[in-house]
Each structure stands twice: as C-alpha cells, then as structure tokens.
4 protein chains.
Amino acid sequence: MRNYLVEFIGTFFLVLVIGLTSINPGTGVIAPLAIGAVLMVMIYAGGHLSGAHYNPAVTIAAWIRGKCPSKDVLPYIASQVLAGIIAATIVTFLKQPTSVSEASLATFPALVTEFLFTFALVYVVLNTTTSKQTEGNSYYGLAIGFTIMVGAFAGGPISGGVYNPAVAVGISTMGLSAWNNLWIYLLGTIAGGSTGALVYKVVNQDE
Amino acid sequence: MRNYLVEFIGTFFLVLVIGLTSINPGTGVIAPLAIGAVLMVMIYAGGHLSGAHYNPAVTIAAWIRGKCPSKDVLPYIASQVLAGIIAATIVTFLKQPTSVSEASLATFPALVTEFLFTFALVYVVLNTTTSKQTEGNSYYGLAIGFTIMVGAFAGGPISGGVYNPAVAVGISTMGLSAWNNLWIYLLGTIAGGSTGALVYKVVNQDE
Amino acid sequence: MRNYLVEFIGTFFLVLVIGLTSINPGTGVIAPLAIGAVLMVMIYAGGHLSGAHYNPAVTIAAWIRGKCPSKDVLPYIASQVLAGIIAATIVTFLKQPTSVSEASLATFPALVTEFLFTFALVYVVLNTTTSKQTEGNSYYGLAIGFTIMVGAFAGGPISGGVYNPAVAVGISTMGLSAWNNLWIYLLGTIAGGSTGALVYKVVNQDE
Amino acid sequence: MRNYLVEFIGTFFLVLVIGLTSINPGTGVIAPLAIGAVLMVMIYAGGHLSGAHYNPAVTIAAWIRGKCPSKDVLPYIASQVLAGIIAATIVTFLKQPTSVSEASLATFPALVTEFLFTFALVYVVLNTTTSKQTEGNSYYGLAIGFTIMVGAFAGGPISGGVYNPAVAVGISTMGLSAWNNLWIYLLGTIAGGSTGALVYKVVNQDE
C-alpha cells in the first residue's frame with residue numbers, strides 16, 4: 001500500500017503542475033521547465049520508496065526490465081491514473097481551462113514523437129536507476145526530469161509532449177486534449193517505452 | 001546561537017531575492033527561477049549547520065518528524081521571521097515597490113494552493129534530508145529549491161506562491177501582499193506542512 | 001557494437017532536439033536549454049557504457065588523452081555522423097524547416113567561436129570524466145551539458161553554436177546551415193577540441 | 001604555474017560569456033543563466049586543480065579562511081585580471097558593444113548590492129568547498145554557479161551584478177561599464193567577500 005500512495009502523490013503533483021502551467025500559460029519556457037522540475041523533485045522524494053515511476057509506460061518498462069514485480073504492475077498503473085484524474089479535477093477547480101486542442105494533432109508525427117521521447121525517457125530511467133555501474137549516483141532525478149523537459153520543448157508543438165498514459169488521461173479529463181487523441185498517447189508511449197526497455201537490455205547484456 | 005544565525009542568513013537572502021525579482025519583474029521566468037535557486041544555494045551552504053529550514057512551516061514539520069528539538073522551534077521561527085522583515089526593509093530601500101496586490105486572491109483556491117505546495121515542499125525536504133535510505137546524497141538542495149520554483153510557476157498566479165510564513169511576513173512588510181492575506185498563508189502553509197510531515201511518517205514507517 | 005549503438009542513440013537525440021527546437025523556435029531560451037539538457041541526459045544514460053562522446057571532436061580528444069582505443073575512433077565517428085544524418089531526416093519529416101542561413105556567418109569570428117567553445121567542451125569533458133581526482137562524481141553530465149548550453153547562448157549568434165562535427169553534418173542535412181559552412185565547423189571544432197586535450201594534459205601532468 | 005593557467009582559463013570563459021551574452025542581449029533570462037552556468041562548469045572542470053576561484057574576492061576570502069597560501073594570492077589575482085582583460089578584448093572583436101552604462105548606477109544601492117551578493121557567494125563557496133562536513137559532495141559547482149545566476153537576476157538591475165573584481169575590469173575594458181564605477185565594484189566585492197569569510201569562520205568554529 002505504501003508504494004501505491006507514493007506513486008499517487010508523485011503522479012498527482014506531476015499532473016497538477018502540467019495543468020496549472022499549461023492552462024493560460026506564460027512564456028513557452030515555463031511549462032516545460034516546471035513539468036521537468038516537478039518530475040525531478042518527486043523522483044528524488046519517492047525514488048527510494050516506490051521506485052518513483054509516476055508513469056504507466058515506465059512501470060511496464062520496469063516490469064520488462066525485471067525491476068517491477070508482476071503483482072505491482074496493475075496497482076501501480078491504477079494509482080497513477082487515479083492520481084491523474086484527481087489532479088485534473090483539482091486543476092479545473094483552481095484554474096478554468098480555456099481551450100481544447102481537439103483538431104491540432106497530425107496523427108503520424110504525433111505517434112512518432114510520443115514513441116521517440118518515451119523511448120528516451122525509459123532509456124534514461126533504466127540506465128540511471130537500475131544499472132549496477134551507475135548505482136548510488138545523485139543525478140538520476142535530474143536526468144529523468146530533464147528528459148521530460150527536453151521532450152516538452154522539442155516534441156510539445158507536435159504531439160503535446162505527453163510521454164505518459166496517466167498524464168494523457170489527466171489532460172483529457174481537464175479538457176487540454178481531446179479524448180479521441182488518447183489512443184495516440186497510449187500506443188506511442190507504451191510502444192516507445194517497451195522498445196526502450198528492450199534496447200536497455202541489449203546494451204546492458206553484460207550485467 | 002550558531003544555528004539561529006545560519007537560519008537568519010538563509011531566510012534573509014531568500015526574502016531579499018523574492019523582493020528584488022518580484023518588484024518590477026522581467027519575464028515570468030525570472031522570479032521563480034531565481035527564488036528556487038537562492039533557496040537551493042542557501043540549503044547547500046547551511047544544511048550541514050542548522051538543517052537549513054529557512055521556513056517556519058519546515059521547522060514545524062521537522063519537529064513533528066522528530067528532527068528538530070523542541071527548544072529550537074521558537075528561536076528558529078523567530079530568526080526566520082526577523083530575517084524576512086529585515087530583508088524586506090532592505091528591498092524597499094534598494095528598489096521601490098510599485099504595487100500592492102490587496103484584492104487579487106480568491107481565498108479558497110489560494111488556501112488550497114498554499115496547502116498543496118507546502119505539503120510537497122515538506123514531503124520533499126523530509127524524504128531527501130531525513131531518510132536513512134537517501135543519506136549522503138548530493139541532490140537535496142536541488143530537489144528542495146526546485147520544488148519552490150515549481151510552486152512559484154504553478155501556484156504563483158493563484159496564491160502568490162508563498163509556501164513559507166516568514167516569506168509571507170516579508171512580502172507583507174515590503175508591500176507586495178496585503179496584511180489581511182497573511183492568515184491565508186499561515187493557515188495554508190502550516191496545515192500543508194504538517195500534513196506533509198504526517199504523510200512522510202506514514203510512507204517511511206519501516207525506518 | 002554495443003558502444004556504437006549507444007553513441008548512435010545519444011547523437012541521434014542530440015541532433016533531433018537541435019532540429020526540433022531550432023526550426024521555428026520559440027523564445028531564445030528554449031533551444032540552448034533543451035540542447036544542453038538533452039546532451040546532459042544522454043551522457044548520464046550512456047556514460048557508463050560507451051563513454052558518451054556523441055561528438056567526433058570529443059572522440060578525437062579522448063583518443064589524444066589516451067581514453068579511447070585507436071580502433072574505436074573511426075567507428076565512433078561513423079556512428080555519430082550517421083545518427084546526425086538520420087535524426088536530420090526525421091526532423092525534416094516532423095517539422096518543415098523554414099530557412100537556410102547560408103549567408104549569415106562571418107568566417108573568422110565563427111571559426112574563433114567554434115574553436116573556443118569546443119576547447120571549453122573538451123576541457124570540461126576530460127576534467128570531469130577522466131581525472132582521478134574527480135572520479136565517482138555525480139556532476140559530469142550537468143557540467144558537460146551546460147557547457148553546450150552556455151556555448152549556444154554565447155556563441156550561437158556568431159557561429160550557430162555547433163561545437164560538434166556530427167551536429168554540423170546534421171544541421172546541414174536538415175537545411176539549417178549551408179554545406180559550404182561545413183569546413184568552418186570541422187576545422188574549428190577539431191582544432192579546438194584537440195587543443196583542449198593538450199591543455200588538459202598540461203594541467204594534469206601529475207596524474 | 002599549473003594553477004595560474006587554470007585560473008586564467010576559468011576566468012577567461014567567465015568574462016567571455018558575460019561579454020557575449022550581455023552585449024545586444026536576448027531575453028533577460030539568457031545572460032544570468034549563461035553566466036551562472038559557465039561559472040558552474042568551469043568550477044567543475046578546475047576545482048580539483050586550482051580550487052577554481054576565478055575571482056579576486058574569492059581568492060582573498062579563501063586566504064582569510066586559510067585555504068589559499070599567501071604566496072598564491074597575488075599571482076592568482078593577476079591571472080584572473082589578465083584573463084578578464086584578454087577575454088574582453090576578444091569579445092569586442094567578436095561582437096561590437098553598443099552601449100556604455102556610465103550614468104546608470106546609484107552609488108549606495110550598488111555598493112550594498114555588490115556587498116550582499118559577494119558575501120553570499122563567498123559564504124556558499126567556503127561552506128560547500130572547504131567544510132569537512134560537506135567534503136566529497138557533487139553539488140558545489142551547482143551551488144556556486146547558481147549563486148551568481150541569482151545575483152545577476154536579483155542585483156543586476158541595481159549594480160550590474162558583478163560580484164567579482166576581475167569581471168569588473170573585464171566589463172570596463174569592453175565598454176559595458178564606465179571605469180569610474182570600478183571603485184564601487186572593488187570596494188563592494190572585497191568588503192562583502194571578506195565579511196563572508198569571517199562569518200564562515202564564526203558559524204564553523206567547531207571545525
């Protein structure tokens with residue numbers, strides 16, 4: 001139960017900050033920087049407890065990697081998605097959303113973008129948190145958080161820069177993304193994350 | 001006495017930078033980035049001396065957590081509040097404040113925002129600085145400082161993004177916030193911080 | 001083979017992010033911050049595997065330093081350049097480039113700028129990753145990534161801020177730079193990087 | 001000799017980046033971020049060699065602290081000032097300065113600002129690099145570099161945000177500051193830095 005609460009808290013603040021900084025945003029720097037930073041701080045806060053996935057694509061990748069017990073996969077994902085929905089509800093209370101971007105995604109570029117940066121995310125997560133050679137490092141949260149910041153800057157204008165199924169549910173709930181885009185996020189992130197886990201295993205065979 | 005001086009210095013520079021970057025500000029990125037960074041550097045400078053609270057809500061949370069002796073609670077808070085007042089006075093000498101935001105807070109959203117991000121702050125502080133499993137890490141200042149940066153970006157437009165009773169007193173002294181908002185900051189931050197300390201204890205029961 | 005794949009992945013994401021953030025950019029902060037950050041995260045992800053050069057000038061410098069076997073030099077460079085070309089191709093699919101800066105470089109200032117910041121890059125890389133006295137540190141990725149961010153901010157308006165032959169090939173492929181500028185980047189970066197390696201050896205003689 | 005070269009390189013790049021980002025600047029975020037970052041990376045690159053002062057006020061403070069031999073003080077300062085002048089000369093070659101801010105400083109606020117943030121700089125430097133309790137940490141460069149970033153954001157509009165006599169000489173050489181402001185920078189930084197060293201000794205008496 002402890003771990004599910006930690007996953008809930010981390011994903012809650014991730015989606016909360018996404019909502020609060022993406023609705024009526026300031027300059028284009030603010031949302032990616034804030035989102036990358038909140039992921040970083042929640043990873044540093046919860047990494048030693050639950051592993052700090054905060055993302056179903058990461059949970060699936062960690063399971064492929066052999067670092068997440070099968071019995072935890074569904075409860076982790078449930079905690080993350082629930083956190084995304086509740087955070088989205090609080091966001092809409094705190095700040096009224098003004099636009100729904102229903103028509104803005106070009107399907108194939110969005111799919112490729114979600115695939116590529118979720119791949120990068122999982123590749124960074126597994127190398128910095130599950131490799132023997134990087135054990136005890138102090139940079140894993142910085143690396144993972146800033147991967148999402150990079151993805152938001154680089155891929156945001158193409159796909160929305162989601163890279164996380166729980167975030168996809170959250171931004172759909174709060175009206176920042178149309179529900180009929182959800183399959184793009186689910187397919188792109190789970191395929192990208194799973195590929196990232198396989199490539200991790202290829203390049204770390206000697207462990 | 002040593003610790004009270006360290007708390008004074010850290011809180012002084014925190015409130016000084018808040019004042020200097022929030023009065024006649026540049027782009028919306030500058031103040032949150034500078035404020036998060038000054039908290040980070042003062043935590044790295046003073047953490048090994050006083051614990052680097054610089055925030056009455058953190059001192060109370062550390063006391064609930066059992067990491068701040070009862071006899072230190074009031075002197076720590078006094079040093080922090082005094083530093084806030086003196087920094088505010090110097091700010092008004094260095095740079096003339098131009099506006100008072102007396103009417104801008106919606107009470108309930110502001111309370112919720114102050115509660116949530118002070119909760120996050122304390123949750124990050126206690127997990128990165130008082131948990132056995134994260135001992136000796138080099139990231140605690142980065143994590144804590146950037147939590148405040150995130151809170152300033154995400155919650156700033158709603159509550160002012162204070163998350164610290166000493167800062168609340170400081171910005172009231174320098175005319176950036178109306179004194180009749182003070183209770184919102186005191187209630188929100190102390191409730192949020194105390195809840196953060198309790199949740200920390202729940203998720204770290206096995207220590 | 002493992003190392004070549006890691007070099008490919010890292011350079012691929014570096015050039016991908018350069019392309020995606022430099023074509024129709026937002027504020028001037030975004031591209032340098034995103035580029036520095038993606039280099040940082042890919043170094044943290046791949047440093048323990050391939051050494052995380054992602055840059056022919058760094059590979060040559062590491063070889064001068066005695067930390068890259070001669071047999072790896074050409075395959076590393078080939079992986080990096082190939083990654084640059086493929087990333088550029090994907091960028092032009094995801095986002096249509098709008099301008100070619102064929103006439104904008106003043107040759108000598110551009111050469112000096114590429115020389116200076118590639119020197120700085122190699123000096124930082126070798127000191128933070130190959131010196132006995134800094135072994136086991138957690139900051140090498142931060143230091144190297146942010147060197148490139150600094151170079152992009154400071155030298156970008158003069159030379160384009162490339163500092164990497166594989167990036168030079170990538171941005172030429174995607175039409176962000178004219179092919180007849182390529183020699184400036186090759187000469188400036190290889191001369192700067194090699195000088196950086198020699199200066200490293202001078203100041204670390206006692207190792 | 002080795003150390004003087006390292007001090008030269010670090011200060012050279014600091015002043016180079018200050019010049020390049022402060023002449024015809026972009027948004028107000030760029031110069032402070034780039035300047036803080038270049039100081040950070042040069043500290044991580046040279047800290048284990050020369051101590052990475054890059055600043056006469058820090059050299060004097062380190063000497064007061066007992067961490068810089070008396071015979072090194074003048075050569076260190078000479079290397080730093082020489083680096084500032086040469087960097088300034090290269091800046092004026094690479095990018096033509098457009099304005100001299102001769103009339104813009106209010107003397108007393110500028111003095112106070114230079115005093116306060118040089119105090120903070122030295123306080124952070126000594127606590128993160130010379131205290132037994134923080135030995136072996138990976139954050140010292142981040143903490144010191146970001147102190148300067150904070151000082152540039154918060155104090156830049158008041159004093160120019162110099163906090164370093166070698167930088168003061170450099171920006172005077174390149175025409176970004178009037179020579180008759182130089183005494184403000186020398187007095188403010190040396191007084192602030194020396195006070196920082198004394199306060200360090202007070203709060204670390206038990207070492």
# chains A, B, ... in the order shown; residues from 1 in each chain; ligands from 1
>>> residues_around(residues="range 133-139 of chain C", least_positions_apart="2", cutoff="12 Å", atoms="only C-alpha atoms", output="PyMOL selection string")
(chain A and resi 128+133-143) or (chain B and resi 137-139) or (chain C and resi 40-41+43-44+47-48+124-131+141-146+204+206-207) or (chain D and resi 40-41+43-49+136-143)
>>> residues_around(residues="range 111-123 of chain C", least_positions_apart="6", cutoff="8 Å", atoms="only C-alpha atoms", output="PyMOL selection string")
(chain C and resi 57-58+61+144+147-148+151+155+158-159+161-164+184-185+187-197+199-200) or (chain D and resi 45)
>>> write_last_selection(atoms="C-alpha atoms", output="JSON list (two decimals), in the first residue's frame")
[["chain", "number", "residue", "atom", "x", "y", "z"],
["C", 57, "ALA", "CA", 35.69, 16.26, -31.67],
["C", 58, "VAL", "CA", 35.30, 14.64, -28.25],
["C", 61, "ALA", "CA", 40.17, 14.47, -27.89],
["C", 144, "ILE", "CA", 29.15, 18.92, -19.96],
["C", 147, "THR", "CA", 28.84, 23.84, -21.32],
["C", 148, "ILE", "CA", 26.95, 23.32, -24.56],
["C", 151, "GLY", "CA", 28.10, 27.88, -25.88],
["C", 155, "GLY", "CA", 28.34, 31.78, -29.41],
["C", 158, "ILE", "CA", 28.09, 34.29, -34.08],
["C", 159, "SER", "CA", 28.74, 30.77, -35.39],
["C", 161, "GLY", "CA", 26.89, 27.33, -31.77],
["C", 162, "VAL", "CA", 27.66, 23.90, -33.20],
["C", 163, "TYR", "CA", 30.85, 22.62, -31.46],
["C", 164, "ASN", "CA", 30.35, 19.14, -32.90],
["C", 184, "ILE", "CA", 34.34, 26.10, -40.60],
["C", 185, "TYR", "CA", 32.73, 23.69, -38.18],
["C", 187, "LEU", "CA", 38.23, 22.97, -38.66],
["C", 188, "GLY", "CA", 37.10, 24.99, -35.64],
["C", 189, "THR", "CA", 35.84, 22.06, -33.59],
["C", 190, "ILE", "CA", 38.67, 19.64, -34.30],
["C", 191, "ALA", "CA", 41.33, 22.28, -33.68],
["C", 192, "GLY", "CA", 39.56, 23.50, -30.54],
["C", 193, "GLY", "CA", 38.94, 20.01, -29.20],
["C", 194, "SER", "CA", 42.49, 18.86, -29.84],
["C", 195, "THR", "CA", 43.87, 21.96, -28.13],
["C", 196, "GLY", "CA", 41.59, 21.27, -25.21],
["C", 197, "ALA", "CA", 43.00, 17.77, -24.90],
["C", 199, "VAL", "CA", 45.83, 21.70, -22.33],
["C", 200, "TYR", "CA", 44.17, 19.03, -20.22],
["D", 45, "ALA", "CA", 36.44, 21.46, -14.56]]
>>> closest_residue(among="D:Ile85, D:Cys68, D:Val169, D:Ile60", to="Asn3 in chain D", atoms="only C-alpha atoms")
D:Cys68
>>> residues_around(residues="range 76-80 of chain B", least_positions_apart="2", cutoff="9 Å", atoms="only C-alpha atoms", output="ChimeraX atom specification")
/B:3-12,53-57,59-60,72-74,82-85,165-167
>>> write_last_selection(atoms="N, CA and C atoms", output="short mmCIF file (atom, residue, chain, number, x, y, z; two decimals), in the first residue's frame")
data_model
loop_
_atom_site.label_atom_id
_atom_site.label_comp_id
_atom_site.auth_asym_id
_atom_site.auth_seq_id
_atom_site.Cartn_x
_atom_site.Cartn_y
_atom_site.Cartn_z
N ASN B 3 23.28 28.21 14.92
CA ASN B 3 22.20 27.79 14.02
C ASN B 3 21.21 28.91 13.72
N TYR B 4 20.97 29.75 14.74
CA TYR B 4 20.00 30.82 14.51
C TYR B 4 20.55 31.82 13.50
N LEU B 5 21.86 32.06 13.56
CA LEU B 5 22.50 32.96 12.59
C LEU B 5 22.41 32.36 11.17
N VAL B 6 22.64 31.06 11.07
CA VAL B 6 22.56 30.40 9.76
C VAL B 6 21.13 30.47 9.21
N GLU B 7 20.15 30.24 10.08
CA GLU B 7 18.75 30.37 9.64
C GLU B 7 18.44 31.81 9.21
N PHE B 8 19.00 32.76 9.96
CA PHE B 8 18.79 34.16 9.61
C PHE B 8 19.34 34.45 8.22
N ILE B 9 20.60 34.05 7.98
CA ILE B 9 21.25 34.36 6.70
C ILE B 9 20.48 33.74 5.53
N GLY B 10 20.12 32.49 5.67
CA GLY B 10 19.42 31.81 4.57
C GLY B 10 18.08 32.44 4.27
N THR B 11 17.29 32.70 5.31
CA THR B 11 15.97 33.29 5.10
C THR B 11 16.10 34.73 4.59
N PHE B 12 17.12 35.43 5.09
CA PHE B 12 17.36 36.80 4.63
C PHE B 12 17.55 36.83 3.11
N HIS B 53 16.38 25.18 7.33
CA HIS B 53 14.92 25.21 7.18
C HIS B 53 14.49 26.47 6.43
N TYR B 54 14.86 27.63 6.98
CA TYR B 54 14.54 28.94 6.37
C TYR B 54 13.04 29.12 6.19
N ASN B 55 12.24 28.44 6.99
CA ASN B 55 10.80 28.41 6.75
C ASN B 55 10.13 27.84 8.00
N PRO B 56 9.29 28.63 8.69
CA PRO B 56 8.64 28.11 9.89
C PRO B 56 7.82 26.84 9.64
N ALA B 57 7.23 26.73 8.45
CA ALA B 57 6.44 25.52 8.18
C ALA B 57 7.35 24.29 8.12
N THR B 59 10.27 24.09 9.81
CA THR B 59 10.71 23.87 11.19
C THR B 59 9.66 23.08 11.96
N ILE B 60 8.39 23.46 11.80
CA ILE B 60 7.32 22.72 12.48
C ILE B 60 7.26 21.28 11.97
N ASP B 72 14.41 24.36 20.01
CA ASP B 72 14.85 25.15 18.86
C ASP B 72 13.71 25.74 18.05
N VAL B 73 12.49 25.20 18.24
CA VAL B 73 11.40 25.59 17.35
C VAL B 73 11.15 27.09 17.36
N LEU B 74 10.93 27.66 18.54
CA LEU B 74 10.63 29.09 18.58
C LEU B 74 11.81 29.97 18.17
N LEU B 82 12.35 37.36 11.63
CA LEU B 82 13.17 38.57 11.73
C LEU B 82 13.95 38.79 10.44
N ALA B 83 14.51 37.73 9.89
CA ALA B 83 15.25 37.85 8.63
C ALA B 83 14.33 38.32 7.52
N GLY B 84 13.09 37.82 7.50
CA GLY B 84 12.13 38.24 6.49
C GLY B 84 11.84 39.72 6.58
N ILE B 85 11.68 40.22 7.81
CA ILE B 85 11.36 41.64 7.99
C ILE B 85 12.55 42.52 7.59
N PRO B 165 5.71 30.92 5.97
CA PRO B 165 5.21 32.03 6.79
C PRO B 165 6.20 33.19 6.90
N ALA B 166 7.51 32.91 6.93
CA ALA B 166 8.47 34.01 7.03
C ALA B 166 8.47 34.84 5.75
N VAL B 167 8.29 34.18 4.62
CA VAL B 167 8.18 34.90 3.36
C VAL B 167 6.89 35.70 3.34
#
>>> atom_distance(atom1="CA of Lys71 in chain C", atom2="CA of Leu182 in chain C")
25.7 Å
>>> atom_distance(atom1="CA of Gly175 in chain B", atom2="CA of Ala154 in chain D")
17.7 Å
>>> atom_distance(atom1="CA of Leu39 in chain D", atom2="CA of Thr21 in chain D")
13.7 Å
>>> closest_residue(among="C:Met149, C:Ala168, C:Ala88, C:Val81", to="Gly19 in chain C", atoms="only C-alpha atoms")
C:Ala88
>>> decode(residues="range 139-159 of chain C", atoms="N, CA and C atoms", output="PDB file, in the first residue's frame")
ATOM      1  N   TYR C 139      28.363  14.955 -11.128  1.00  0.00           N
ATOM      2  CA  TYR C 139      28.072  16.205 -11.828  1.00  0.00           C
ATOM      3  C   TYR C 139      28.546  16.251 -13.274  1.00  0.00           C
ATOM      4  N   TYR C 140      29.226  15.219 -13.753  1.00  0.00           N
ATOM      5  CA  TYR C 140      29.854  15.322 -15.074  1.00  0.00           C
ATOM      6  C   TYR C 140      28.836  15.618 -16.185  1.00  0.00           C
ATOM      7  N   GLY C 141      27.692  14.988 -16.140  1.00  0.00           N
ATOM      8  CA  GLY C 141      26.692  15.243 -17.190  1.00  0.00           C
ATOM      9  C   GLY C 141      26.160  16.663 -17.128  1.00  0.00           C
ATOM     10  N   LEU C 142      25.923  17.142 -15.928  1.00  0.00           N
ATOM     11  CA  LEU C 142      25.467  18.518 -15.739  1.00  0.00           C
ATOM     12  C   LEU C 142      26.495  19.490 -16.289  1.00  0.00           C
ATOM     13  N   ALA C 143      27.772  19.245 -15.952  1.00  0.00           N
ATOM     14  CA  ALA C 143      28.826  20.165 -16.383  1.00  0.00           C
ATOM     15  C   ALA C 143      28.960  20.168 -17.901  1.00  0.00           C
ATOM     16  N   ILE C 144      28.944  19.003 -18.516  1.00  0.00           N
ATOM     17  CA  ILE C 144      29.150  18.920 -19.959  1.00  0.00           C
ATOM     18  C   ILE C 144      27.932  19.469 -20.708  1.00  0.00           C
ATOM     19  N   GLY C 145      26.755  19.055 -20.293  1.00  0.00           N
ATOM     20  CA  GLY C 145      25.548  19.543 -20.961  1.00  0.00           C
ATOM     21  C   GLY C 145      25.430  21.060 -20.883  1.00  0.00           C
ATOM     22  N   PHE C 146      25.716  21.591 -19.697  1.00  0.00           N
ATOM     23  CA  PHE C 146      25.556  23.039 -19.542  1.00  0.00           C
ATOM     24  C   PHE C 146      26.674  23.815 -20.232  1.00  0.00           C
ATOM     25  N   THR C 147      27.814  23.183 -20.501  1.00  0.00           N
ATOM     26  CA  THR C 147      28.835  23.844 -21.323  1.00  0.00           C
ATOM     27  C   THR C 147      28.270  24.113 -22.717  1.00  0.00           C
ATOM     28  N   ILE C 148      27.557  23.142 -23.239  1.00  0.00           N
ATOM     29  CA  ILE C 148      26.948  23.321 -24.564  1.00  0.00           C
ATOM     30  C   ILE C 148      25.816  24.351 -24.512  1.00  0.00           C
ATOM     31  N   MET C 149      25.064  24.352 -23.431  1.00  0.00           N
ATOM     32  CA  MET C 149      24.034  25.393 -23.286  1.00  0.00           C
ATOM     33  C   MET C 149      24.683  26.778 -23.295  1.00  0.00           C
ATOM     34  N   VAL C 150      25.739  26.929 -22.523  1.00  0.00           N
ATOM     35  CA  VAL C 150      26.453  28.208 -22.479  1.00  0.00           C
ATOM     36  C   VAL C 150      26.969  28.582 -23.868  1.00  0.00           C
ATOM     37  N   GLY C 151      27.575  27.608 -24.543  1.00  0.00           N
ATOM     38  CA  GLY C 151      28.105  27.883 -25.880  1.00  0.00           C
ATOM     39  C   GLY C 151      27.013  28.278 -26.853  1.00  0.00           C
ATOM     40  N   ALA C 152      25.836  27.699 -26.693  1.00  0.00           N
ATOM     41  CA  ALA C 152      24.721  28.051 -27.573  1.00  0.00           C
ATOM     42  C   ALA C 152      24.244  29.472 -27.295  1.00  0.00           C
ATOM     43  N   PHE C 153      24.157  29.822 -26.017  1.00  0.00           N
ATOM     44  CA  PHE C 153      23.747  31.191 -25.685  1.00  0.00           C
ATOM     45  C   PHE C 153      24.797  32.209 -26.147  1.00  0.00           C
ATOM     46  N   ALA C 154      26.065  31.920 -25.823  1.00  0.00           N
ATOM     47  CA  ALA C 154      27.096  32.939 -26.022  1.00  0.00           C
ATOM     48  C   ALA C 154      27.584  32.976 -27.466  1.00  0.00           C
ATOM     49  N   GLY C 155      27.775  31.817 -28.073  1.00  0.00           N
ATOM     50  CA  GLY C 155      28.344  31.779 -29.413  1.00  0.00           C
ATOM     51  C   GLY C 155      27.323  31.556 -30.515  1.00  0.00           C
ATOM     52  N   GLY C 156      26.118  31.166 -30.141  1.00  0.00           N
ATOM     53  CA  GLY C 156      25.096  30.875 -31.144  1.00  0.00           C
ATOM     54  C   GLY C 156      24.886  31.999 -32.156  1.00  0.00           C
ATOM     55  N   PRO C 157      24.767  33.235 -31.694  1.00  0.00           N
ATOM     56  CA  PRO C 157      24.547  34.316 -32.660  1.00  0.00           C
ATOM     57  C   PRO C 157      25.742  34.561 -33.588  1.00  0.00           C
ATOM     58  N   ILE C 158      26.912  34.040 -33.244  1.00  0.00           N
ATOM     59  CA  ILE C 158      28.094  34.294 -34.078  1.00  0.00           C
ATOM     60  C   ILE C 158      28.349  33.149 -35.062  1.00  0.00           C
ATOM     61  N   SER C 159      28.366  31.907 -34.535  1.00  0.00           N
ATOM     62  CA  SER C 159      28.745  30.769 -35.386  1.00  0.00           C
ATOM     63  C   SER C 159      27.616  29.773 -35.596  1.00  0.00           C
TER      64      SER C 159
END
